[in-house]
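Asks: For reference, the structure I am asking about is given below.
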Amino acid sequence: MQNQRRVTIDPQILAQAAEWYAILRKGQAHPTEQAEWEIWLTEHPDHQTAWARVEFHADRLKSLPPKAALVALTAPDLQRRRAIKNLVLLGAVGLSSWQFSRSRYWQAWTADYHIAQGETKTIALEDGSKVMLDSGSALNVEFSMDLRRLQLLAGEIYIETAKDNIGWHRPLVVDTQDGRVRALGTRFSVNKQPDYSHVSVYANSVEIQPTDPTASKQLLQAGQETQFVTTRVDPTHSVKLNQPAWSQGVIVADNIPLSEFLLQLNRYRKGYVTCAPEIADLRIFGSFPLKDTDKILSNLQANLPIKLSSPFPYWVKILPR
């Protein structure tokens with residue numbers, strides 16, 4: 001039988017996850033530490049994978065420095081099992097032993113508009129356009145003589161464009177690291193993920209130009225969505241809604257796995273919610289108001305074979321019942 005392929009995670013990221021775990025498990029984390037952990041957790045999918053691995057082994061780990069944690073978390077299976085035998089829980093270790101990049105963190109917090117976790121906000125631009133920022137989003141706005149430019153640094157925005165009230169007919173564009181989205185009299189959303197950008201169009205059309213000037217442009221019509229990176233635009237798919245669900249204050253689940261639903265829910269909740277692997281594929285249906293995420297979890301517990309557990313503040317684990 002072939003060995004199951006193991007996902008490789010940078011040891012430094014695993015060390016970061018182990019040290020965050022040690023800080024939060026005390027139950028006395030400072031609000032600024034809590035905020036920094038939430039930002040770190042959502043910065044990249046590898047961070048969430050590393051956190052999940054630390055969480056999985058936490059009940060078999062004991063007080064240890066970061067180097068020992070890495071032995072337990074990254075060694076081959078046999079060595080890892082031997083290391084874990086001698087460990088029970090992660091101990092308290094300070095953040096001073098490592099430094100992680102704050103460039104994205106700093107850009108987000110110094111943006112023209114920055115929305116905290118769990119909040120949304122609508123802003124009116126000087127041309128009459130309306131922009132709604134989703135939870136954890138960061139946006140810069142720059143209007144010049146020849147361009148109306150929005151720079152999306154993080155998160156997602158939903159835009160209802162207006163005609164240029166100056167009369168110069170300046171294009172309205174949304175820039176991300178992956179490229180530029182040009183509005184053609186439209187309603188649309190742009191979502192910046194760590195490795196790509198996602199666009200959905202709800203009225204009229206937009207034009208997508210990846211950062212690479214040799215990459216082909218693509219016109220996206222109403223009822224279509226796609227994602228793009230610096231070098232290409234992916235094939236399109238259909239959009240079922242007339243605007244993003246979050247802009248209406250709900251999460252819409254249409255036969256999606258519990259694990260995927262929780263990824264969405266985490267964007268609107270202080271702290272972190274995760275589930276045991278054996279229930280990750282439970283299917284979720286329905287529309288869930290975002291005003292009270294505790295109520296969402298209670299409804300899940302009432303209607304699914306699951307139970308809620310809180311190992312420490314800010315962290316909820318969903319387990320089989």
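The chains in the structure tokens are called A, B, ... from first to last as shown; in each chain the residues are counted from 1, and the ligands are counted from 1 in the order shown.
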Residues within 10 Å of A:Leu262, please, as a short mmCIF file (atom, residue, chain, number, x, y, z; two decimals) with all heavy atoms, in the first residue's frame. Count only C-alpha atoms; anything in the same chain fewer than 4 positions from it doesn't count.
Replies:
data_model
loop_
_atom_site.label_atom_id
_atom_site.label_comp_id
_atom_site.auth_asym_id
_atom_site.auth_seq_id
_atom_site.Cartn_x
_atom_site.Cartn_y
_atom_site.Cartn_z
N PRO A 257 -19.70 21.51 2.10
CA PRO A 257 -19.21 20.80 3.28
C PRO A 257 -19.13 21.71 4.50
O PRO A 257 -18.93 22.93 4.37
CB PRO A 257 -17.82 20.32 2.87
CG PRO A 257 -17.74 20.50 1.39
CD PRO A 257 -18.71 21.57 1.03
N LEU A 258 -19.26 21.13 5.67
CA LEU A 258 -19.15 21.89 6.91
C LEU A 258 -17.82 22.63 6.98
O LEU A 258 -17.77 23.79 7.41
CB LEU A 258 -19.28 20.95 8.11
CG LEU A 258 -19.08 21.57 9.50
CD1 LEU A 258 -20.11 22.65 9.77
CD2 LEU A 258 -19.12 20.48 10.58
N ASN A 266 -15.73 31.99 9.62
CA ASN A 266 -14.59 32.55 10.34
C ASN A 266 -14.30 33.99 9.95
O ASN A 266 -13.70 34.75 10.71
CB ASN A 266 -13.35 31.69 10.11
CG ASN A 266 -13.27 30.52 11.08
OD1 ASN A 266 -13.58 30.66 12.26
ND2 ASN A 266 -12.88 29.36 10.59
N ARG A 267 -14.72 34.39 8.76
CA ARG A 267 -14.47 35.75 8.29
C ARG A 267 -15.32 36.78 9.06
O ARG A 267 -15.01 37.96 9.06
CB ARG A 267 -14.77 35.87 6.80
CG ARG A 267 -13.88 35.02 5.91
CD ARG A 267 -14.23 35.22 4.46
NE ARG A 267 -14.05 36.61 4.04
CZ ARG A 267 -14.49 37.11 2.90
NH1 ARG A 267 -15.18 36.34 2.07
NH2 ARG A 267 -14.28 38.37 2.59
N TYR A 272 -11.85 31.76 16.20
CA TYR A 272 -11.67 30.74 15.17
C TYR A 272 -12.57 29.55 15.47
O TYR A 272 -12.68 29.11 16.61
CB TYR A 272 -10.21 30.31 15.15
CG TYR A 272 -9.85 29.32 14.08
CD1 TYR A 272 -9.94 29.65 12.74
CD2 TYR A 272 -9.39 28.05 14.42
CE1 TYR A 272 -9.59 28.75 11.76
CE2 TYR A 272 -9.04 27.14 13.43
CZ TYR A 272 -9.14 27.50 12.11
OH TYR A 272 -8.79 26.59 11.13
N VAL A 273 -13.21 29.04 14.42
CA VAL A 273 -14.05 27.85 14.53
C VAL A 273 -13.48 26.77 13.61
O VAL A 273 -13.16 27.04 12.46
CB VAL A 273 -15.51 28.14 14.12
CG1 VAL A 273 -16.38 26.91 14.37
CG2 VAL A 273 -16.06 29.33 14.86
N THR A 274 -13.36 25.57 14.14
CA THR A 274 -12.86 24.46 13.34
C THR A 274 -13.69 23.23 13.65
O THR A 274 -14.52 23.24 14.57
CB THR A 274 -11.37 24.19 13.66
OG1 THR A 274 -10.88 23.20 12.77
CG2 THR A 274 -11.19 23.73 15.09
N CYS A 275 -13.49 22.17 12.87
CA CYS A 275 -14.26 20.94 13.09
C CYS A 275 -13.36 19.73 12.98
O CYS A 275 -12.30 19.77 12.34
CB CYS A 275 -15.42 20.83 12.10
SG CYS A 275 -14.94 20.62 10.37
N ALA A 280 -16.11 16.78 8.72
CA ALA A 280 -15.82 17.90 7.82
C ALA A 280 -16.68 17.89 6.57
O ALA A 280 -16.94 18.94 5.98
CB ALA A 280 -14.34 17.90 7.43
N LEU A 297 -23.95 28.82 15.14
CA LEU A 297 -23.35 27.59 15.69
C LEU A 297 -24.37 26.79 16.48
O LEU A 297 -24.40 25.55 16.40
CB LEU A 297 -22.15 27.95 16.56
CG LEU A 297 -20.95 28.56 15.83
CD1 LEU A 297 -19.86 28.94 16.83
CD2 LEU A 297 -20.40 27.61 14.78
N ILE A 318 -15.84 21.98 16.72
CA ILE A 318 -17.06 21.23 16.47
C ILE A 318 -16.68 19.76 16.38
O ILE A 318 -15.84 19.36 15.56
CB ILE A 318 -17.76 21.70 15.18
CG1 ILE A 318 -18.13 23.19 15.30
CG2 ILE A 318 -18.99 20.85 14.91
CD1 ILE A 318 -18.83 23.73 14.09
#
Asks: What lies within 8 Å of A:Phe228 using only C-alpha atoms, ignoring chain neighbours under 2 positions off, as a PyMOL selection string?
Replies: chain A and resi 178-179+196-198+210+226+230-234
Asks: Go through stretch 135-301 of chain A and collect every residue that DSSP, computed from the backbone, puts in strand (DSSP E or B); the answer should be as a short mmCIF file (atom, residue, chain, number, x, y, z; two decimals) with C-alpha atoms, in the first residue's frame.
Replies:
data_model
loop_
_atom_site.label_atom_id
_atom_site.label_comp_id
_atom_site.auth_asym_id
_atom_site.auth_seq_id
_atom_site.Cartn_x
_atom_site.Cartn_y
_atom_site.Cartn_z
CA ALA A 138 -8.58 47.06 3.20
CA LEU A 139 -8.95 49.57 0.38
CA ASN A 140 -7.17 52.63 -0.99
CA VAL A 141 -9.05 55.18 -3.13
CA GLU A 142 -7.27 57.47 -5.60
CA PHE A 143 -9.07 59.79 -8.00
CA ARG A 148 -10.85 56.58 -10.70
CA ARG A 149 -8.70 53.93 -9.01
CA LEU A 150 -9.53 51.57 -6.16
CA GLN A 151 -6.68 49.46 -4.80
CA LEU A 152 -7.90 46.35 -2.99
CA LEU A 153 -5.25 45.17 -0.53
CA ALA A 154 -7.27 42.52 1.30
CA GLY A 155 -10.78 41.10 1.55
CA GLU A 156 -13.71 41.77 -0.77
CA ILE A 157 -15.61 44.80 -2.09
CA TYR A 158 -18.98 45.12 -3.83
CA ILE A 159 -19.30 48.13 -6.14
CA GLU A 160 -22.28 49.91 -7.66
CA LEU A 172 -13.20 53.25 -12.79
CA VAL A 173 -10.77 50.41 -12.06
CA VAL A 174 -10.03 48.04 -9.19
CA ASP A 175 -6.38 47.03 -8.87
CA THR A 176 -5.05 44.02 -6.98
CA GLY A 179 -4.16 42.73 -12.20
CA ARG A 180 -6.80 45.30 -13.03
CA VAL A 181 -10.61 45.08 -13.28
CA ARG A 182 -12.17 47.87 -15.35
CA ALA A 183 -15.83 48.63 -14.79
CA LEU A 184 -18.06 49.12 -17.82
CA GLY A 185 -21.12 50.68 -16.10
CA THR A 186 -21.78 47.83 -13.73
CA ARG A 187 -22.36 46.20 -10.37
CA PHE A 188 -19.63 43.74 -9.46
CA SER A 189 -17.46 42.37 -6.63
CA VAL A 190 -13.73 41.75 -6.35
CA ASN A 191 -12.25 39.40 -3.76
CA LYS A 192 -8.50 39.35 -3.06
CA SER A 197 -8.25 37.50 -7.28
CA HIS A 198 -11.91 36.64 -7.85
CA VAL A 199 -14.48 38.71 -9.76
CA SER A 200 -18.28 38.35 -9.97
CA VAL A 201 -20.44 40.54 -12.24
CA TYR A 202 -24.09 41.26 -11.40
CA ALA A 203 -24.93 43.89 -14.04
CA ASN A 204 -23.40 44.90 -17.40
CA SER A 205 -19.73 43.90 -17.68
CA VAL A 206 -16.10 44.35 -16.62
CA GLU A 207 -12.76 43.89 -18.37
CA ILE A 208 -9.99 41.95 -16.63
CA GLN A 209 -6.32 42.58 -17.41
CA PRO A 210 -3.75 40.49 -15.50
CA GLN A 218 -11.08 39.05 -20.85
CA LEU A 219 -14.57 40.55 -20.84
CA LEU A 220 -16.81 39.28 -18.06
CA GLN A 221 -20.57 39.68 -18.52
CA GLN A 224 -20.50 35.40 -14.71
CA GLU A 225 -17.61 35.02 -12.31
CA THR A 226 -13.99 33.95 -12.58
CA GLN A 227 -10.64 34.19 -10.88
CA PHE A 228 -7.34 35.43 -12.22
CA VAL A 233 -7.72 34.58 -16.43
CA HIS A 237 -18.72 30.18 -14.18
CA SER A 238 -22.28 31.34 -13.58
CA VAL A 250 -26.11 36.44 5.22
CA ILE A 251 -24.09 33.37 4.38
CA VAL A 252 -25.79 31.20 1.77
CA ALA A 253 -24.90 27.51 1.90
CA ASP A 254 -25.97 25.40 -1.06
CA ASN A 255 -24.94 21.84 -0.27
CA ILE A 256 -21.41 22.75 0.81
CA PRO A 257 -19.21 20.80 3.28
CA TYR A 272 -11.67 30.74 15.17
CA VAL A 273 -14.05 27.85 14.53
CA THR A 274 -12.86 24.46 13.34
CA CYS A 275 -14.26 20.94 13.09
CA ARG A 283 -23.47 18.99 4.04
CA ILE A 284 -24.83 22.42 4.91
CA PHE A 285 -27.92 24.04 3.37
CA GLY A 286 -29.65 27.32 4.09
CA SER A 287 -29.29 31.04 4.58
CA PHE A 288 -27.67 32.16 7.83
CA PRO A 289 -27.87 35.76 9.16
#
Asks: What's the separation between atom CA of A:Gln177 and atom CA of A:Pro213, in Å to one decimal place?
Replies: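 About the pair atom CA of A:Gln177 and atom CA of A:Pro213: they are 13.3 Å apart.
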Asks: Using only C-alpha atoms, pick whichever of A:Leu304, A:Ala162, A:Leu290, A:Val316 has the shortest atom-to-atom distance to A:Gln248.
Replies: A:Leu290
Asks: Leaving out A:Ile13 and any residue of its chain fewer than 5 positions from it, which residues lie within 8 Å of it when counting only C-alpha atoms, given as a compact mmCIF listing (two decimals) with all heavy atoms, in the first residue's frame?
Replies:
# COMPACT_ATOMS: atom_id res chain seq x y z
N ASP A 46 -1.68 28.44 4.10
CA ASP A 46 -0.70 27.63 4.83
C ASP A 46 -0.76 27.89 6.32
O ASP A 46 -0.46 27.00 7.13
CB ASP A 46 0.71 27.91 4.32
CG ASP A 46 0.99 27.23 2.98
OD1 ASP A 46 0.13 26.46 2.52
OD2 ASP A 46 2.07 27.48 2.40
N HIS A 47 -1.13 29.11 6.72
CA HIS A 47 -1.24 29.42 8.14
C HIS A 47 -2.37 28.61 8.76
O HIS A 47 -2.23 28.09 9.88
CB HIS A 47 -1.48 30.91 8.34
CG HIS A 47 -0.33 31.77 7.92
ND1 HIS A 47 -0.32 33.14 8.11
CD2 HIS A 47 0.85 31.47 7.32
CE1 HIS A 47 0.83 33.64 7.64
NE2 HIS A 47 1.54 32.63 7.15
N ALA A 50 -1.26 24.98 8.99
CA ALA A 50 -0.34 24.79 10.11
C ALA A 50 -1.08 24.80 11.44
O ALA A 50 -0.82 23.98 12.33
CB ALA A 50 0.73 25.88 10.08
